[in-house]
$ cat model-v1.cif   # mmCIF, C-alpha atoms
data_input
#
loop_
_atom_site.label_atom_id
_atom_site.label_comp_id
_atom_site.auth_asym_id
_atom_site.auth_seq_id
_atom_site.Cartn_x
_atom_site.Cartn_y
_atom_site.Cartn_z
CA MET A 1 42.78 -56.43 29.27
CA SER A 2 43.60 -52.81 29.71
CA PHE A 3 42.60 -49.49 28.18
CA ILE A 4 45.83 -47.80 29.20
CA PRO A 5 48.63 -48.21 26.61
CA ALA A 6 51.61 -50.22 27.89
CA PRO A 7 54.31 -47.48 27.72
CA LEU A 8 52.10 -45.04 29.61
CA SER A 9 51.30 -47.63 32.24
CA ARG A 10 55.02 -48.45 32.57
CA PHE A 11 55.78 -44.72 33.00
CA PHE A 12 53.10 -44.54 35.66
CA HIS A 13 54.44 -47.45 37.63
CA ARG A 14 57.99 -46.17 37.45
CA THR A 15 57.01 -42.70 38.65
CA ALA A 16 54.87 -44.18 41.39
CA SER A 17 57.71 -46.21 42.85
CA PRO A 18 58.97 -44.38 45.95
CA PRO A 19 62.66 -43.89 44.96
CA HIS A 20 61.72 -42.55 41.53
CA PHE A 21 59.09 -40.28 42.93
CA TYR A 22 61.48 -38.99 45.58
CA ALA A 23 64.12 -38.10 42.99
CA LEU A 24 61.53 -36.53 40.68
CA ALA A 25 60.10 -34.39 43.49
CA ASP A 26 63.61 -33.26 44.40
CA LYS A 27 64.16 -32.13 40.83
CA LEU A 28 60.76 -30.44 40.43
CA VAL A 29 60.64 -28.38 43.62
CA PRO A 30 63.23 -25.68 42.66
CA TRP A 31 61.51 -25.10 39.31
CA LEU A 32 58.11 -24.93 40.92
CA THR A 33 59.45 -22.43 43.46
CA VAL A 34 60.72 -20.15 40.69
CA LEU A 35 57.36 -20.34 38.88
CA PHE A 36 55.54 -19.72 42.16
CA LEU A 37 57.49 -16.50 42.78
CA LEU A 38 56.99 -15.43 39.15
CA LEU A 39 53.23 -15.58 39.68
CA LEU A 40 53.08 -14.48 43.30
CA ILE A 41 55.03 -11.23 43.03
CA PRO A 42 53.12 -9.68 40.08
CA GLY A 43 49.90 -11.13 41.53
CA LEU A 44 50.40 -9.46 44.91
CA TYR A 45 51.62 -6.21 43.36
CA GLY A 46 48.76 -6.19 40.85
CA GLY A 47 46.15 -7.01 43.45
CA LEU A 48 47.28 -4.84 46.34
CA VAL A 49 48.76 -1.85 44.47
CA ALA A 50 48.00 -1.70 40.76
CA ALA A 51 44.35 -2.79 40.64
CA PRO A 52 41.84 0.05 41.08
CA ALA A 53 39.63 0.33 44.17
CA ASP A 54 36.12 -1.08 43.92
CA TYR A 55 33.21 1.28 43.23
CA GLN A 56 31.34 0.17 46.35
CA GLN A 57 33.76 -1.53 48.71
CA GLY A 58 36.79 0.71 48.15
CA ASP A 59 40.01 -1.00 49.15
CA SER A 60 38.33 -3.65 51.33
CA TYR A 61 37.58 -5.78 48.29
CA ARG A 62 41.32 -6.56 47.96
CA ILE A 63 40.77 -9.42 50.38
CA ILE A 64 39.60 -11.40 47.34
CA TYR A 65 43.21 -11.78 46.22
CA ILE A 66 43.75 -14.07 49.20
CA HIS A 67 40.23 -15.22 50.05
CA VAL A 68 39.06 -16.41 46.63
CA PRO A 69 42.22 -18.36 45.62
CA ALA A 70 42.29 -19.97 49.08
CA ALA A 71 38.65 -20.98 48.80
CA TRP A 72 39.21 -22.40 45.30
CA MET A 73 42.18 -24.38 46.57
CA SER A 74 40.16 -25.74 49.48
CA LEU A 75 37.75 -27.32 46.99
CA PHE A 76 40.40 -28.33 44.45
CA ILE A 77 42.59 -30.14 46.99
CA TYR A 78 39.63 -32.05 48.40
CA VAL A 79 38.63 -33.30 44.95
CA LEU A 80 42.24 -34.37 44.34
CA MET A 81 42.22 -36.19 47.69
CA ALA A 82 39.05 -38.05 46.76
CA VAL A 83 40.58 -39.09 43.42
CA MET A 84 43.71 -40.27 45.24
CA GLY A 85 41.46 -42.14 47.67
CA GLY A 86 39.74 -43.90 44.77
CA ILE A 87 43.08 -44.88 43.22
CA ALA A 88 44.38 -46.06 46.59
CA LEU A 89 41.30 -48.25 47.14
CA VAL A 90 41.16 -49.78 43.67
CA TRP A 91 44.83 -50.16 42.74
CA ARG A 92 46.29 -50.17 46.29
CA MET A 93 48.88 -47.70 45.08
CA LYS A 94 51.09 -46.57 47.96
CA LEU A 95 51.95 -43.23 46.37
CA ALA A 96 48.26 -42.30 46.09
CA GLU A 97 47.84 -42.95 49.82
CA VAL A 98 50.87 -40.80 50.58
CA MET A 99 49.65 -37.94 48.36
CA LEU A 100 46.19 -38.10 49.95
CA ILE A 101 47.47 -37.88 53.49
CA SER A 102 50.06 -35.23 52.65
CA SER A 103 47.37 -33.03 51.04
CA ALA A 104 45.04 -32.96 54.05
CA PRO A 105 46.90 -30.46 56.30
CA ILE A 106 47.55 -28.16 53.32
CA GLY A 107 43.88 -28.24 52.36
CA ALA A 108 42.91 -27.57 55.96
CA GLY A 109 45.23 -24.56 55.93
CA PHE A 110 43.65 -23.11 52.79
CA THR A 111 40.15 -23.69 54.18
CA PHE A 112 41.12 -21.96 57.41
CA VAL A 113 42.55 -18.99 55.51
CA ALA A 114 39.37 -18.73 53.41
CA LEU A 115 37.18 -18.78 56.53
CA VAL A 116 39.27 -16.26 58.48
CA THR A 117 39.74 -13.76 55.63
CA GLY A 118 36.04 -14.02 54.79
CA SER A 119 35.17 -13.29 58.38
CA LEU A 120 37.51 -10.28 58.54
CA TRP A 121 35.87 -8.90 55.39
CA GLY A 122 32.37 -9.76 56.57
CA LYS A 123 32.49 -7.60 59.67
CA PRO A 124 32.83 -4.22 57.88
CA MET A 125 30.95 -5.20 54.72
CA TRP A 126 28.04 -7.37 55.86
CA GLY A 127 28.04 -6.13 59.43
CA THR A 128 28.78 -9.52 61.00
CA TRP A 129 31.75 -11.86 61.49
CA TRP A 130 29.79 -15.01 60.86
CA VAL A 131 26.36 -16.19 59.75
CA TRP A 132 25.07 -19.74 59.48
CA ASP A 133 24.13 -19.53 55.82
CA ALA A 134 24.59 -22.47 53.46
CA ARG A 135 27.92 -21.34 51.96
CA LEU A 136 29.68 -20.54 55.22
CA THR A 137 28.37 -23.62 57.00
CA SER A 138 29.33 -26.05 54.22
CA GLU A 139 32.83 -24.52 54.06
CA LEU A 140 33.18 -25.01 57.82
CA ILE A 141 32.16 -28.66 57.37
CA LEU A 142 34.93 -28.95 54.77
CA LEU A 143 37.45 -27.80 57.39
CA PHE A 144 36.19 -30.52 59.75
CA LEU A 145 36.49 -33.10 56.95
CA TYR A 146 40.13 -32.17 56.40
CA LEU A 147 40.86 -32.32 60.12
CA GLY A 148 38.94 -35.62 60.29
CA VAL A 149 41.13 -37.13 57.56
CA THR A 150 44.31 -36.16 59.41
CA SER A 151 43.08 -37.35 62.80
CA LEU A 152 41.70 -40.64 61.48
CA TYR A 153 45.03 -41.38 59.82
CA GLY A 154 46.86 -40.59 63.02
CA ALA A 155 44.51 -42.69 65.14
CA ILE A 156 45.12 -46.01 63.34
CA GLU A 157 48.44 -47.67 64.07
CA ASP A 158 48.81 -49.76 60.89
CA LYS A 159 49.37 -47.22 58.15
CA ARG A 160 48.02 -49.40 55.32
CA SER A 161 44.64 -49.86 56.98
CA ALA A 162 44.74 -46.23 58.12
CA ALA A 163 45.16 -45.18 54.49
CA ARG A 164 42.21 -47.38 53.48
CA ALA A 165 39.95 -45.82 56.13
CA VAL A 166 41.07 -42.33 55.16
CA SER A 167 40.42 -43.03 51.45
CA ILE A 168 36.83 -43.96 52.23
CA LEU A 169 36.36 -40.83 54.35
CA ALA A 170 37.80 -38.67 51.54
CA LEU A 171 35.41 -40.27 49.03
CA VAL A 172 32.37 -39.90 51.28
CA GLY A 173 33.18 -36.25 51.98
CA VAL A 174 33.40 -35.35 48.31
CA VAL A 175 29.61 -35.02 48.27
CA ASN A 176 30.14 -31.74 50.16
CA ILE A 177 32.09 -30.17 47.28
CA PRO A 178 29.18 -29.54 44.87
CA ILE A 179 27.12 -28.42 47.86
CA ILE A 180 29.69 -25.73 48.68
CA HIS A 181 29.99 -24.64 45.07
CA TYR A 182 26.27 -24.43 44.32
CA SER A 183 25.10 -23.35 47.79
CA VAL A 184 24.90 -19.73 46.67
CA GLU A 185 22.65 -20.69 43.76
CA TRP A 186 20.42 -23.34 45.37
CA TRP A 187 19.56 -21.36 48.49
CA ASN A 188 19.23 -17.78 49.64
CA THR A 189 22.55 -17.01 51.27
CA LEU A 190 24.21 -13.92 52.62
CA HIS A 191 27.32 -14.85 50.65
CA GLN A 192 27.24 -13.46 47.12
CA GLY A 193 27.00 -15.60 44.00
CA PRO A 194 29.91 -16.69 41.80
CA THR A 195 31.82 -13.97 39.97
CA VAL A 196 34.46 -15.60 37.80
CA SER A 197 32.83 -18.92 36.85
CA LYS A 198 29.76 -17.04 35.61
CA MET A 199 30.11 -17.36 31.85
CA ASP A 200 27.44 -15.10 30.42
CA LYS A 201 29.07 -11.78 31.29
CA PRO A 202 32.11 -10.93 33.36
CA SER A 203 31.19 -9.54 36.77
CA ILE A 204 34.70 -8.40 37.54
CA HIS A 205 36.65 -5.77 35.67
CA ILE A 206 39.61 -7.13 33.68
CA SER A 207 42.12 -4.99 35.62
CA MET A 208 40.97 -6.74 38.80
CA LEU A 209 40.64 -10.18 37.25
CA ILE A 210 44.22 -10.57 35.99
CA PRO A 211 45.89 -10.30 39.45
CA LEU A 212 43.23 -12.66 40.80
CA LEU A 213 44.11 -15.31 38.22
CA LEU A 214 47.85 -14.81 38.89
CA MET A 215 47.22 -15.36 42.59
CA ALA A 216 45.13 -18.46 41.84
CA GLY A 217 48.06 -19.86 39.82
CA ALA A 218 50.52 -18.97 42.59
CA PHE A 219 48.36 -20.77 45.18
CA LYS A 220 48.22 -23.90 42.98
CA LEU A 221 52.02 -23.92 42.69
CA TYR A 222 52.37 -23.37 46.42
CA TYR A 223 50.22 -26.44 46.95
CA ALA A 224 52.35 -28.46 44.51
CA ILE A 225 55.56 -27.49 46.33
CA ALA A 226 54.10 -28.14 49.77
CA VAL A 227 52.55 -31.50 48.86
CA LEU A 228 55.74 -32.78 47.19
CA GLN A 229 57.86 -31.84 50.20
CA SER A 230 55.51 -33.43 52.68
CA ALA A 231 55.01 -36.51 50.48
CA LYS A 232 58.78 -37.01 50.42
CA LEU A 233 58.86 -36.99 54.19
CA GLU A 234 55.86 -39.31 54.44
CA LEU A 235 57.49 -41.81 52.04
CA ILE A 236 60.59 -41.97 54.23
CA LYS A 237 58.49 -42.33 57.36
CA ARG A 238 56.56 -45.18 55.74
CA GLU A 239 59.63 -47.19 54.71
CA PRO A 240 62.43 -46.17 57.07
CA SER A 241 64.36 -49.42 56.52
CA ALA A 242 63.96 -49.66 52.73
CA GLN A 243 67.10 -49.99 50.65
CA TRP A 244 66.53 -46.75 48.71
CA VAL A 245 66.17 -44.72 51.91
CA LYS A 246 69.44 -46.20 53.24
CA SER A 247 71.37 -45.37 50.09
CA LEU A 248 69.80 -41.90 50.05
CA LEU A 249 71.02 -41.21 53.56
CA GLU A 250 74.47 -42.57 52.75
CA ASN A 251 74.73 -40.26 49.72
CA LYS A 252 73.69 -37.28 51.80
CA ALA A 253 76.18 -38.03 54.58
CA MET B 1 41.75 -54.40 34.34
CA LYS B 2 41.85 -57.27 36.81
CA PRO B 3 38.42 -58.49 37.93
CA HIS B 4 38.90 -57.75 41.64
CA ARG B 5 39.96 -54.19 40.80
CA LYS B 6 36.96 -53.73 38.55
CA GLN B 7 34.78 -54.94 41.39
CA ARG B 8 36.30 -52.47 43.83
CA LEU B 9 35.89 -49.65 41.30
CA MET B 10 32.21 -50.53 40.86
CA LEU B 11 31.76 -50.66 44.63
CA ILE B 12 33.22 -47.17 44.99
CA GLY B 13 30.99 -45.93 42.16
CA LEU B 14 27.92 -47.40 43.86
CA MET B 15 28.95 -45.91 47.19
CA LEU B 16 29.27 -42.44 45.65
CA VAL B 17 25.89 -42.72 43.92
CA GLY B 18 24.31 -43.85 47.19
CA ILE B 19 25.80 -41.03 49.23
CA GLY B 20 24.89 -38.53 46.53
CA LEU B 21 21.26 -39.70 46.58
CA ALA B 22 21.11 -39.66 50.37
CA ALA B 23 22.54 -36.14 50.46
CA THR B 24 20.07 -34.97 47.78
CA PHE B 25 17.07 -36.30 49.74
CA ALA B 26 18.36 -34.86 53.00
CA LEU B 27 18.91 -31.43 51.47
CA LYS B 28 15.50 -31.53 49.78
CA ALA B 29 13.88 -32.33 53.13
CA PHE B 30 15.66 -29.48 54.89
CA ASN B 31 15.31 -27.09 51.96
CA GLU B 32 13.31 -24.50 53.91
CA ASN B 33 15.70 -24.51 56.86
CA LEU B 34 18.66 -23.98 54.55
CA MET B 35 17.17 -20.78 53.18
CA TYR B 36 18.93 -18.00 54.98
CA PHE B 37 16.11 -15.51 54.49
CA PHE B 38 12.54 -15.05 53.24
CA SER B 39 11.81 -12.86 50.24
CA THR B 40 9.41 -9.92 50.38
CA THR B 41 6.97 -11.89 48.20
CA ASP B 42 6.93 -14.66 50.85
CA VAL B 43 5.94 -12.05 53.44
CA ALA B 44 3.25 -10.49 51.24
CA GLU B 45 1.77 -13.95 50.59
CA GLY B 46 1.81 -14.77 54.29
CA LYS B 47 4.38 -17.55 54.01
CA ALA B 48 6.69 -15.95 56.55
CA PRO B 49 6.10 -16.80 60.23
CA ARG B 50 3.87 -14.49 62.31
CA ASP B 51 4.99 -13.57 65.83
CA ALA B 52 8.40 -15.17 65.33
CA LEU B 53 11.89 -13.99 64.45
CA PHE B 54 12.88 -14.51 60.85
CA ARG B 55 15.17 -12.99 58.25
CA LEU B 56 13.95 -10.92 55.35
CA GLY B 57 16.06 -10.23 52.28
CA GLY B 58 15.62 -7.85 49.38
CA MET B 59 16.75 -4.71 47.63
CA VAL B 60 16.45 -1.36 49.38
CA VAL B 61 14.00 0.55 47.17
CA LYS B 62 15.55 3.70 45.68
CA GLY B 63 14.32 6.87 47.41
CA SER B 64 12.55 4.99 50.20
CA VAL B 65 15.09 5.52 53.01
CA GLU B 66 13.87 8.05 55.56
CA ARG B 67 14.83 9.05 59.08
CA PRO B 68 11.64 10.22 60.79
CA GLY B 69 13.24 11.43 64.03
CA ALA B 70 16.51 12.72 65.39
CA ASP B 71 17.44 9.27 66.77
CA LEU B 72 18.87 6.30 64.90
CA LEU B 73 15.49 5.08 63.67
CA VAL B 74 15.52 4.53 59.93
CA ARG B 75 12.62 3.40 57.78
CA PHE B 76 12.91 1.97 54.27
CA LYS B 77 11.17 -0.32 51.82
CA LEU B 78 12.54 -3.68 50.69
CA SER B 79 11.59 -5.20 47.38
CA ASP B 80 12.28 -8.31 45.31
CA PHE B 81 10.98 -6.46 42.23
CA SER B 82 7.44 -7.71 42.71
CA LYS B 83 6.28 -7.02 46.31
CA GLU B 84 7.46 -4.40 48.81
CA VAL B 85 7.71 -4.57 52.60
CA THR B 86 8.38 -1.63 54.92
CA VAL B 87 11.23 -2.14 57.41
CA GLU B 88 12.08 -0.16 60.53
CA TYR B 89 15.46 -0.38 62.17
CA SER B 90 17.15 1.48 64.94
CA GLY B 91 20.92 1.07 65.00
CA ILE B 92 24.11 1.42 63.01
CA LEU B 93 23.89 0.29 59.41
CA PRO B 94 26.76 -1.62 57.71
CA ASP B 95 29.10 0.10 55.23
CA LEU B 96 27.46 -1.38 52.17
CA PHE B 97 23.94 -0.32 53.13
CA ARG B 98 22.59 2.03 50.48
CA GLU B 99 19.62 2.41 48.20
CA GLY B 100 19.54 -0.18 45.46
CA GLN B 101 21.72 -2.56 47.51
CA GLY B 102 20.62 -6.00 48.72
CA ILE B 103 20.30 -6.46 52.47
CA VAL B 104 19.18 -9.13 54.92
CA ALA B 105 17.33 -8.00 58.05
CA LYS B 106 16.47 -10.09 61.10
CA GLY B 107 13.35 -9.22 63.04
CA ARG B 108 9.59 -9.77 63.24
CA LEU B 109 6.40 -8.40 61.70
CA ASP B 110 4.34 -6.12 63.93
CA SER B 111 0.56 -5.64 63.84
CA ARG B 112 0.83 -2.91 61.17
CA GLY B 113 2.60 -5.35 58.81
CA VAL B 114 5.86 -3.44 59.25
CA PHE B 115 9.00 -5.55 59.65
CA VAL B 116 10.80 -4.37 62.78
CA ALA B 117 14.45 -5.33 62.38
CA GLU B 118 16.86 -6.09 65.22
CA GLU B 119 19.83 -6.57 62.91
CA VAL B 120 20.59 -5.45 59.37
CA LEU B 121 23.29 -7.12 57.24
CA ALA B 122 24.36 -5.90 53.81
CA LYS B 123 24.34 -8.52 51.08
CA HIS B 124 27.13 -7.83 48.69
CA ASP B 125 26.65 -8.62 45.00
CA GLU B 126 29.15 -10.43 42.80
CA ASN B 127 30.21 -7.37 40.76
CA TYR B 128 33.62 -5.81 41.10
CA MET B 129 34.66 -2.78 39.07
CA PRO B 130 36.57 0.49 39.34
CA PRO B 131 34.48 3.62 40.13
CA GLU B 132 34.92 5.05 36.61
CA VAL B 133 33.44 1.91 35.05
CA ALA B 134 30.53 2.00 37.49
CA ASP B 135 29.85 5.62 36.54
CA SER B 136 29.81 4.84 32.83
CA LEU B 137 27.52 1.84 33.46
CA LYS B 138 25.13 4.08 35.38
CA LYS B 139 24.86 6.34 32.36
CA ALA B 140 24.29 3.44 29.97
CA PRO B 141 20.91 2.15 31.31
CA GLU B 142 19.47 5.65 31.06
CA ALA B 143 20.30 5.64 27.35
CA GLU B 144 18.57 2.28 26.82
#
$ encode --input "model-v1.cif" --output "structure tokens"
Amino acid sequence: MSFIPAPLSRFFHRTASPPHFYALADKLVPWLTVLFLLLLIPGLYGGLVAAPADYQQGDSYRIIYIHVPAAWMSLFIYVLMAVMGGIALVWRMKLAEVMLISSAPIGAGFTFVALVTGSLWGKPMWGTWWVWDARLTSELILLFLYLGVTSLYGAIEDKRSAARAVSILALVGVVNIPIIHYSVEWWNTLHQGPTVSKMDKPSIHISMLIPLLLMAGAFKLYYAIAVLQSAKLELIKREPSAQWVKSLLENKA
Amino acid sequence: MKPHRKQRLMLIGLMLVGIGLAATFALKAFNENLMYFFSTTDVAEGKAPRDALFRLGGMVVKGSVERPGADLLVRFKLSDFSKEVTVEYSGILPDLFREGQGIVAKGRLDSRGVFVAEEVLAKHDENYMPPEVADSLKKAPEAE
């Protein structure tokens, strides 16, 4: 019994087989890189040059073109990791394990960027580098979760059981994601409330919003490129003596 | 779906529900500690601690900022649109400090009921706009 139609399920299994995935990733990466640059260049130009200065913060607000997309990605990647963890636990799919573990350092990087840029902005604007309010603290916990996933995976010798342990950690940690997102609404925080996801009325002028969305798209594509490259490497590391890896190396040589 | 997979899926679902519930209870229990600051209404109703450091947040009341002496001492009123508290602070204010802006001050209440701040942080709001738009918005409420 299955609620997934047979052709779709066959497509899934084919794509999830390491040699197929490897070839697909190889083909996708150049296209993704072109798209990434197409979003990044107008995004950076729009955000840093074309967009007007803010009425209160002046030019300092331009940190949002890095800070906000990085913070969004830090949440997005963690949710993806938890989904991969669920798939890895239920279906024991090797590719899901590989994607999970390849995502963790990238997510940690985005979280780190969000924390550092926020801190650099906080000093002149708030008057402090860091406060222990709910938003900042929960984002810091997210960084530790990412680092925990990577270290736990590294600490267990057998990579299949390591992946199982890491999947559980990723799933447990996902409870932090709504806490981060809603922290600014549930509690009094120094960090301001949401700007873009607020539906009733836009809190950001359209000339400032467009570069922000371009940057958000560019960051997503950057993640896709980075995760595919590192997943390729992880697949080879997992099965160094597999037939497809041998023939791949022979073709390259 | 194969039965053992269905079982694992259910187990994961149960685990997530359990963790979610545990987190909800824990956060509910620590609710007060997770609040970064007290509101001015809390202070007026006596909910804020006496003789202890705490943080007070609110809007700087328009026209209330005064500098009584030649030193850095500045006195202003904070409001959450229902109750007001007078704050005194001696030091350098952050860039975003201005009348009508939200701030968070750390300090304690003295015997006069004045909040003596040791640190003042500006709380930025979630609005971003070019200066021209802000000017036209400022004109609009007066017309309302």
$ closest_atom_pairs --input "model-v1.cif" --of "chain A" --to "chain B" --cutoff "6 Å" --atoms "all atoms listed in the file" --output "Markdown table"
| residue | atom | partner | partner_atom | distance |
| --- | --- | --- | --- | --- |
| A:Met1 | CA | B:Met1 | CA | 5.6 |
| A:Ser2 | CA | B:Met1 | CA | 5.2 |
| A:Pro52 | CA | B:Pro130 | CA | 5.6 |
| A:Ala53 | CA | B:Pro130 | CA | 5.7 |
| A:Asp54 | CA | B:Pro130 | CA | 4.9 |
| A:Tyr55 | CA | B:Pro131 | CA | 4.1 |
| A:Val90 | CA | B:Arg5 | CA | 5.4 |
| A:Met125 | CA | B:Asp95 | CA | 5.6 |
| A:Trp126 | CA | B:Ala122 | CA | 4.5 |
| A:Gly127 | CA | B:Pro94 | CA | 5.0 |
| A:Asp133 | CA | B:Tyr36 | CA | 5.5 |
| A:Trp187 | CA | B:Met35 | CA | 5.3 |
| A:Asn188 | CA | B:Met35 | CA | 5.1 |
| A:Thr189 | CA | B:Tyr36 | CA | 5.3 |
| A:Leu190 | CA | B:Lys123 | CA | 5.6 |
| A:Gln192 | CA | B:Asp125 | CA | 5.3 |
| A:Gly193 | CA | B:Glu126 | CA | 5.7 |
| A:Thr195 | CA | B:Glu126 | CA | 5.3 |
| A:Ser203 | CA | B:Asn127 | CA | 4.6 |
| A:Ile204 | CA | B:Tyr128 | CA | 4.5 |
| A:His205 | CA | B:Met129 | CA | 4.9 |
$ atom_distance --input "model-v1.cif" --atom1 "CA of Lys27 in chain A" --atom2 "CA of Leu228 in chain A"
10.6 Å
$ residues_near_point --input "model-v1.cif" --point "(42.5, -21.0, 42.5)" --cutoff "12 Å" --atoms "all atoms listed in the file" --output "PyMOL selection string"
chain A and resi 64-77+110+114+196-197+211-223
$ atom_distance --input "model-v1.cif" --atom1 "CA of Phe12 in chain A" --atom2 "CA of Met93 in chain A"
10.8 Å
$ atom_distance --input "model-v1.cif" --atom1 "CA of Ile101 in chain A" --atom2 "CA of Ala16 in chain A"
15.5 Å
$ residues_around --input "model-v1.cif" --residues "range 45-50 of chain B" --least-positions-apart "4" --cutoff "8 Å" --atoms "all atoms listed in the file" --output "list in words"
Phe38, Thr41, Phe54, Arg108 and Leu109 of chain B
$ resolve_selection --input "model-v1.cif" --expression "the PyMOL selection byres ((chain A and resi 146) around 12)" --output "PDB file with C-alpha atoms, keeping the file's coordinate frame"
ATOM      1  CA  SER A  74      40.160 -25.740  49.480  1.00  0.00           C
ATOM      2  CA  LEU A  75      37.750 -27.320  46.990  1.00  0.00           C
ATOM      3  CA  ILE A  77      42.590 -30.140  46.990  1.00  0.00           C
ATOM      4  CA  TYR A  78      39.630 -32.050  48.400  1.00  0.00           C
ATOM      5  CA  VAL A  79      38.630 -33.300  44.950  1.00  0.00           C
ATOM      6  CA  MET A  81      42.220 -36.190  47.690  1.00  0.00           C
ATOM      7  CA  ALA A  82      39.050 -38.050  46.760  1.00  0.00           C
ATOM      8  CA  LEU A 100      46.190 -38.100  49.950  1.00  0.00           C
ATOM      9  CA  ILE A 101      47.470 -37.880  53.490  1.00  0.00           C
ATOM     10  CA  SER A 102      50.060 -35.230  52.650  1.00  0.00           C
ATOM     11  CA  SER A 103      47.370 -33.030  51.040  1.00  0.00           C
ATOM     12  CA  ALA A 104      45.040 -32.960  54.050  1.00  0.00           C
ATOM     13  CA  PRO A 105      46.900 -30.460  56.300  1.00  0.00           C
ATOM     14  CA  ILE A 106      47.550 -28.160  53.320  1.00  0.00           C
ATOM     15  CA  GLY A 107      43.880 -28.240  52.360  1.00  0.00           C
ATOM     16  CA  ALA A 108      42.910 -27.570  55.960  1.00  0.00           C
ATOM     17  CA  GLY A 109      45.230 -24.560  55.930  1.00  0.00           C
ATOM     18  CA  PHE A 110      43.650 -23.110  52.790  1.00  0.00           C
ATOM     19  CA  THR A 111      40.150 -23.690  54.180  1.00  0.00           C
ATOM     20  CA  PHE A 112      41.120 -21.960  57.410  1.00  0.00           C
ATOM     21  CA  GLU A 139      32.830 -24.520  54.060  1.00  0.00           C
ATOM     22  CA  LEU A 140      33.180 -25.010  57.820  1.00  0.00           C
ATOM     23  CA  ILE A 141      32.160 -28.660  57.370  1.00  0.00           C
ATOM     24  CA  LEU A 142      34.930 -28.950  54.770  1.00  0.00           C
ATOM     25  CA  LEU A 143      37.450 -27.800  57.390  1.00  0.00           C
ATOM     26  CA  PHE A 144      36.190 -30.520  59.750  1.00  0.00           C
ATOM     27  CA  LEU A 145      36.490 -33.100  56.950  1.00  0.00           C
ATOM     28  CA  LEU A 147      40.860 -32.320  60.120  1.00  0.00           C
ATOM     29  CA  GLY A 148      38.940 -35.620  60.290  1.00  0.00           C
ATOM     30  CA  VAL A 149      41.130 -37.130  57.560  1.00  0.00           C
ATOM     31  CA  THR A 150      44.310 -36.160  59.410  1.00  0.00           C
ATOM     32  CA  SER A 151      43.080 -37.350  62.800  1.00  0.00           C
ATOM     33  CA  LEU A 152      41.700 -40.640  61.480  1.00  0.00           C
ATOM     34  CA  TYR A 153      45.030 -41.380  59.820  1.00  0.00           C
ATOM     35  CA  VAL A 166      41.070 -42.330  55.160  1.00  0.00           C
ATOM     36  CA  SER A 167      40.420 -43.030  51.450  1.00  0.00           C
ATOM     37  CA  LEU A 169      36.360 -40.830  54.350  1.00  0.00           C
ATOM     38  CA  ALA A 170      37.800 -38.670  51.540  1.00  0.00           C
ATOM     39  CA  LEU A 171      35.410 -40.270  49.030  1.00  0.00           C
ATOM     40  CA  GLY A 173      33.180 -36.250  51.980  1.00  0.00           C
ATOM     41  CA  VAL A 174      33.400 -35.350  48.310  1.00  0.00           C
ATOM     42  CA  ASN A 176      30.140 -31.740  50.160  1.00  0.00           C
TER      43      ASN A 176
END
$ resolve_selection --input "model-v1.cif" --expression "the PyMOL selection byres ((chain B and resi 82) around 10)" --output "ChimeraX atom specification"
/B:40-41,44,79-81,83-84
$ write_last_selection --input "model-v1.cif" --atoms "C-alpha atoms" --output "PDB file, in the coordinates of the input"
ATOM      1  CA  THR B  40       9.410  -9.920  50.380  1.00  0.00           C
ATOM      2  CA  THR B  41       6.970 -11.890  48.200  1.00  0.00           C
ATOM      3  CA  ALA B  44       3.250 -10.490  51.240  1.00  0.00           C
ATOM      4  CA  SER B  79      11.590  -5.200  47.380  1.00  0.00           C
ATOM      5  CA  ASP B  80      12.280  -8.310  45.310  1.00  0.00           C
ATOM      6  CA  PHE B  81      10.980  -6.460  42.230  1.00  0.00           C
ATOM      7  CA  LYS B  83       6.280  -7.020  46.310  1.00  0.00           C
ATOM      8  CA  GLU B  84       7.460  -4.400  48.810  1.00  0.00           C
TER       9      GLU B  84
END
$ resolve_selection --input "model-v1.cif" --expression "the PyMOL selection byres ((chain B and resi 88) around 8)" --output "number ranges by chain"
B: 73-76, 86-87, 89-90, 114-117
